[in-house]
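K.L.:
A single structure is presented below for examination.
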Amino acid sequence: MFTLEGKKALITGGTRGIGRAIVIQMAKAGADVAFTFARSKEAADEVTAEVEALGRKALAFQADAVDAARAEEVIGEITDTWGGLDILVNNAGITKDTLIMRMSEQQWDDVINTNLKSVFNYSKACVRPFMKKRAGSIINISSVVGLSGNAGQTNYAASKAGIIGFSKSLAKELASRNIRVNSIAPGYITTEMTGKLSDKVMESINASIPMARPGEVEDIAAGVIFLGSDASRYITGETLRIDGGMAM
Ligand code: NAP
């Protein structure tokens, strides 16, 4: 396992699914972890207790990822409390799926703002502390849908493809300052977001995956730990697919 000993990380959307696994696995790998959430205060308390039981520090912030001013406040509080930040994981995301004929402007805006504007908000707020240290790793959770497209997900695919373009551009802007920016494109991962599908739908999803099964949240956390650790110190602007071969 790659180590995050001595590092401090912030994960957006850390109360459920992939984000929660990232928080716990990063703490297991040695990091102190801060995380944000939108609504689930109770889940945030559980995650905080779990991190502290692992002997690491935790900070939880109720913060809508769409709110740029709140992103500045969150990063400010973390750097004031911990004296710095090493890793940002932009994970918060939603789906509002429907065919374009039925997609409302609201459904488009909600998904683009929550999934893509949030990445701008938190990345921008981290740049100053990262530049000061001349070090930092930003890891943005995209999706294979951003690479391949998916009917019924024009808003989601646009947000996830946007994350990849954003990450490559920011990687070029910040590489000379030793700040790395990478994306992870998960395939089909079992979470609340994806867990409500029928056996029949699951069968057809499994048939589209060379490894013939969905991934686990810990599979994504493993990629985050690698990209956050010094083991990946020469990797920037990369998109790491973790998808059982789905989008190759
Ligand atoms: P999830 O189980 O629905 O969890 C989403 C997390 O994001 C929750 O902690 C939620 O907090 C938080 N969140 C939602 N809206 C937010 C907002 N406006 N501000 C702050 N936090 C917010 O989702 P997931 O399946 O773990 O997905 C996590 C990421 O992986 C997303 O970016 C998703 O697009 C991506 N992804 C997932 C899959 C998959 O198969 N699951 C595949 C590819 C990519 P609250 O509960 O407090 O609202």
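Residue numbering restarts at 1 in every chain; chains get A, B, ... in the order shown in the structure tokens, and ligands count up from 1 in that same order.
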List all protein, DNA and RNA residues that have at least one atom no more than 6 Å from any atom of ligand 1, counting only C-alpha atoms and all ligand atoms, and write them as number ranges by chain.
P.N.:
A: 12-19, 36-40, 63-66, 91-94, 114, 141-143, 186-194
K.L.:
With a distance cut-off of 9 Å and only C-alpha atoms, select the neighbouring residues of region 149-156 of chain A, excluding the residue or stretch itself and same-chain residues fewer than 4 positions from it, and output the selection as a CSV table (one decimal) with N, CA, C and O atoms, in the first residue's frame.
P.N.:
```csv
chain,number,residue,atom,x,y,z
A,94,ILE,N,-23.6,14.4,-8.8
A,94,ILE,CA,-25.0,13.9,-8.8
A,94,ILE,C,-25.4,13.5,-10.2
A,94,ILE,O,-24.6,13.8,-11.2
A,95,THR,N,-26.5,12.8,-10.4
A,95,THR,CA,-27.0,12.5,-11.7
A,95,THR,C,-28.5,13.0,-11.8
A,95,THR,O,-29.2,13.0,-10.7
A,96,LYS,N,-28.9,13.5,-12.9
A,96,LYS,CA,-30.3,13.8,-13.2
A,96,LYS,C,-30.6,13.4,-14.6
A,96,LYS,O,-30.5,14.2,-15.5
A,97,ASP,N,-30.7,12.0,-14.8
A,97,ASP,CA,-30.7,11.4,-16.1
A,97,ASP,C,-32.1,11.6,-16.8
A,97,ASP,O,-33.1,11.3,-16.2
A,98,THR,N,-32.0,11.9,-18.0
A,98,THR,CA,-33.2,11.8,-18.9
A,98,THR,C,-32.7,12.1,-20.4
A,98,THR,O,-31.7,12.7,-20.6
A,99,LEU,N,-33.6,11.7,-21.3
A,99,LEU,CA,-33.3,12.0,-22.7
A,99,LEU,C,-33.3,13.5,-22.9
A,99,LEU,O,-34.1,14.2,-22.3
A,100,ILE,N,-32.6,14.1,-23.9
A,100,ILE,CA,-32.5,15.5,-24.1
A,100,ILE,C,-33.8,16.2,-24.3
A,100,ILE,O,-34.1,17.3,-23.9
A,103,MET,N,-35.1,16.9,-21.0
A,103,MET,CA,-34.2,17.5,-20.0
A,103,MET,C,-34.6,18.9,-19.8
A,103,MET,O,-34.6,19.7,-20.8
A,107,GLN,N,-32.3,20.7,-14.8
A,107,GLN,CA,-31.6,19.4,-14.7
A,107,GLN,C,-30.2,19.6,-15.3
A,107,GLN,O,-29.2,19.1,-14.8
A,108,TRP,N,-30.1,20.3,-16.4
A,108,TRP,CA,-28.8,20.6,-17.0
A,108,TRP,C,-27.9,21.4,-16.1
A,108,TRP,O,-26.8,21.0,-15.7
A,109,ASP,N,-28.5,22.5,-15.6
A,109,ASP,CA,-27.7,23.4,-14.7
A,109,ASP,C,-27.3,22.7,-13.4
A,109,ASP,O,-26.1,22.9,-12.9
A,110,ASP,N,-28.2,22.0,-12.8
A,110,ASP,CA,-27.9,21.3,-11.5
A,110,ASP,C,-26.7,20.4,-11.6
A,110,ASP,O,-25.8,20.4,-10.8
A,111,VAL,N,-26.7,19.6,-12.7
A,111,VAL,CA,-25.6,18.6,-12.9
A,111,VAL,C,-24.3,19.3,-13.3
A,111,VAL,O,-23.2,18.9,-12.7
A,112,ILE,N,-24.3,20.2,-14.2
A,112,ILE,CA,-23.1,20.9,-14.6
A,112,ILE,C,-22.5,21.7,-13.4
A,112,ILE,O,-21.3,21.6,-13.1
A,115,ASN,N,-21.3,19.1,-10.5
A,115,ASN,CA,-20.2,18.2,-10.9
A,115,ASN,C,-19.0,18.9,-11.4
A,115,ASN,O,-17.9,18.4,-11.3
A,144,VAL,N,-16.3,7.0,-16.7
A,144,VAL,CA,-16.1,6.5,-18.1
A,144,VAL,C,-17.1,7.1,-19.0
A,144,VAL,O,-16.9,7.2,-20.2
A,145,VAL,N,-18.3,7.6,-18.5
A,145,VAL,CA,-19.3,8.2,-19.3
A,145,VAL,C,-18.7,9.5,-19.9
A,145,VAL,O,-19.1,9.9,-21.0
A,160,LYS,N,-18.6,15.4,-16.9
A,160,LYS,CA,-17.5,14.5,-16.6
A,160,LYS,C,-16.4,14.6,-17.7
A,160,LYS,O,-15.2,14.5,-17.3
A,161,ALA,N,-16.7,14.9,-18.9
A,161,ALA,CA,-15.8,15.2,-20.0
A,161,ALA,C,-15.1,16.6,-19.7
A,161,ALA,O,-13.9,16.7,-19.8
```
K.L.:
Output as an MDAnalysis selection string all residues of region 118-238 of chain A that backbone DSSP marks as strand (DSSP E).
P.N.:
chainID A and resid 136:141 179:186
K.L.:
Can you tell me, as a PyMOL selection string, what residues are no more than 6 Å from region 203-211 of chain A when counting only C-alpha atoms, ignoring any on the same chain fewer than 6 positions away?
P.N.:
chain A and resi 244-246
K.L.:
Among the residues of region 189-232 of chain A, find those DSSP assigns to helix (DSSP H, G or I) from the backbone and print them as a ChimeraX atom specification.
P.N.:
/A:199-207,217-228,230-232
K.L.:
Give me the region 173-198 of chain A side of the contact with region 117-128 of chain A, cut-off 10 Å, one line per residue showing its nearest atom pair and distance in Å at one decimal, counting only C-alpha atoms, sorted by chain and residue number, as a Markdown table.
P.N.:
```
| residue | atom | partner | partner_atom | distance |
| --- | --- | --- | --- | --- |
| A:Leu174 | CA | A:Val127 | CA | 8.6 |
| A:Ile179 | CA | A:Val127 | CA | 8.5 |
| A:Val181 | CA | A:Ser123 | CA | 9.4 |
```
K.L.:
Produce a file of the selected residues containing all heavy atoms, as a CSV table (one decimal), in the first residue's frame.
P.N.:
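Now in selection_7.csv:
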```csv
chain,number,residue,atom,x,y,z
A,174,LEU,N,0.0,24.4,-13.7
A,174,LEU,CA,0.6,24.3,-12.3
A,174,LEU,C,1.8,23.3,-12.2
A,174,LEU,O,2.4,23.2,-11.2
A,174,LEU,CB,-0.4,23.8,-11.3
A,174,LEU,CG,-1.6,24.8,-11.2
A,174,LEU,CD1,-2.6,24.2,-10.2
A,174,LEU,CD2,-1.2,26.1,-10.7
A,179,ILE,N,2.7,21.1,-8.6
A,179,ILE,CA,1.3,20.7,-8.3
A,179,ILE,C,0.8,19.9,-9.4
A,179,ILE,O,0.8,20.3,-10.6
A,179,ILE,CB,0.4,22.0,-8.1
A,179,ILE,CG1,1.0,22.9,-7.0
A,179,ILE,CG2,-1.0,21.6,-7.8
A,179,ILE,CD1,0.5,24.3,-7.0
A,181,VAL,N,-2.3,17.5,-11.2
A,181,VAL,CA,-3.7,17.4,-11.4
A,181,VAL,C,-4.1,16.2,-12.3
A,181,VAL,O,-3.6,16.1,-13.4
A,181,VAL,CB,-4.3,18.7,-12.0
A,181,VAL,CG1,-5.8,18.7,-12.0
A,181,VAL,CG2,-3.7,20.0,-11.3
```
K.L.:
Fewer than 3 positions away in the same chain doesn't count, so skip those; otherwise give me all residues within 8 Å of Gly228 (chain A), counting only C-alpha atoms, as a PyMOL selection string.
P.N.:
chain A and resi 4+87+137-139+224-225+232
K.L.:
Quick one: residues within 12 Å of Phe2 (chain A), only C-alpha atoms counted, chain neighbours fewer than 5 positions away excluded, as a VMD selection string?
P.N.:
chain A and resid 25 to 26 28 to 31 221 to 232
K.L.:
Looking at A:Phe130, A:Ala60, A:Ser167, A:Lys200, which one is nearest to Glu77 (chain A), with distances taken over only C-alpha atoms?
P.N.:
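Using only C-alpha atoms, the shortest distance to Glu77 (chain A) belongs to A:Ala60.
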K.L.:
Using only C-alpha atoms, find each residue of region 66-162 of chain A with at least one atom at most 12 Å away from an atom of region 47-59 of chain A; report its shortest atom-to-atom pair and that distance in Å (one decimal), sort the rows by chain and rising residue number, and return the result as CSV.
P.N.:
```
residue,atom,partner,partner_atom,distance
A:Val74,CA,A:Leu59,CA,9.9
A:Ile75,CA,A:Leu59,CA,11.1
A:Glu77,CA,A:Leu59,CA,9.5
A:Ile78,CA,A:Leu59,CA,7.9
A:Thr79,CA,A:Leu59,CA,11.4
A:Thr81,CA,A:Leu59,CA,9.5
A:Trp82,CA,A:Lys57,CA,9.5
```
K.L.:
I'd like to know which of A:Ile242, A:Leu85, A:Ala44, A:Ala175 is closest to Lys133 (chain A), using only C-alpha atoms.
P.N.:
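Nearest candidate to Lys133 (chain A) out of A:Ile242, A:Leu85, A:Ala44, A:Ala175: A:Leu85.
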K.L.:
Of the candidates A:Ile235, A:Met202, A:Ala34, A:Ala157, which one gets nearest to Ala171 (chain A) if we count only C-alpha atoms?
P.N.:
A:Ile235
K.L.:
Work out how far CA of Val217 (chain A) is from CA of Ala135 (chain A), in Å to one decimal.
P.N.:
27.2 Å
K.L.:
Work out how far CA of Val33 (chain A) is from CA of Arg70 (chain A), in Å to one decimal.
P.N.:
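Those two atoms sit 18.1 Å apart.
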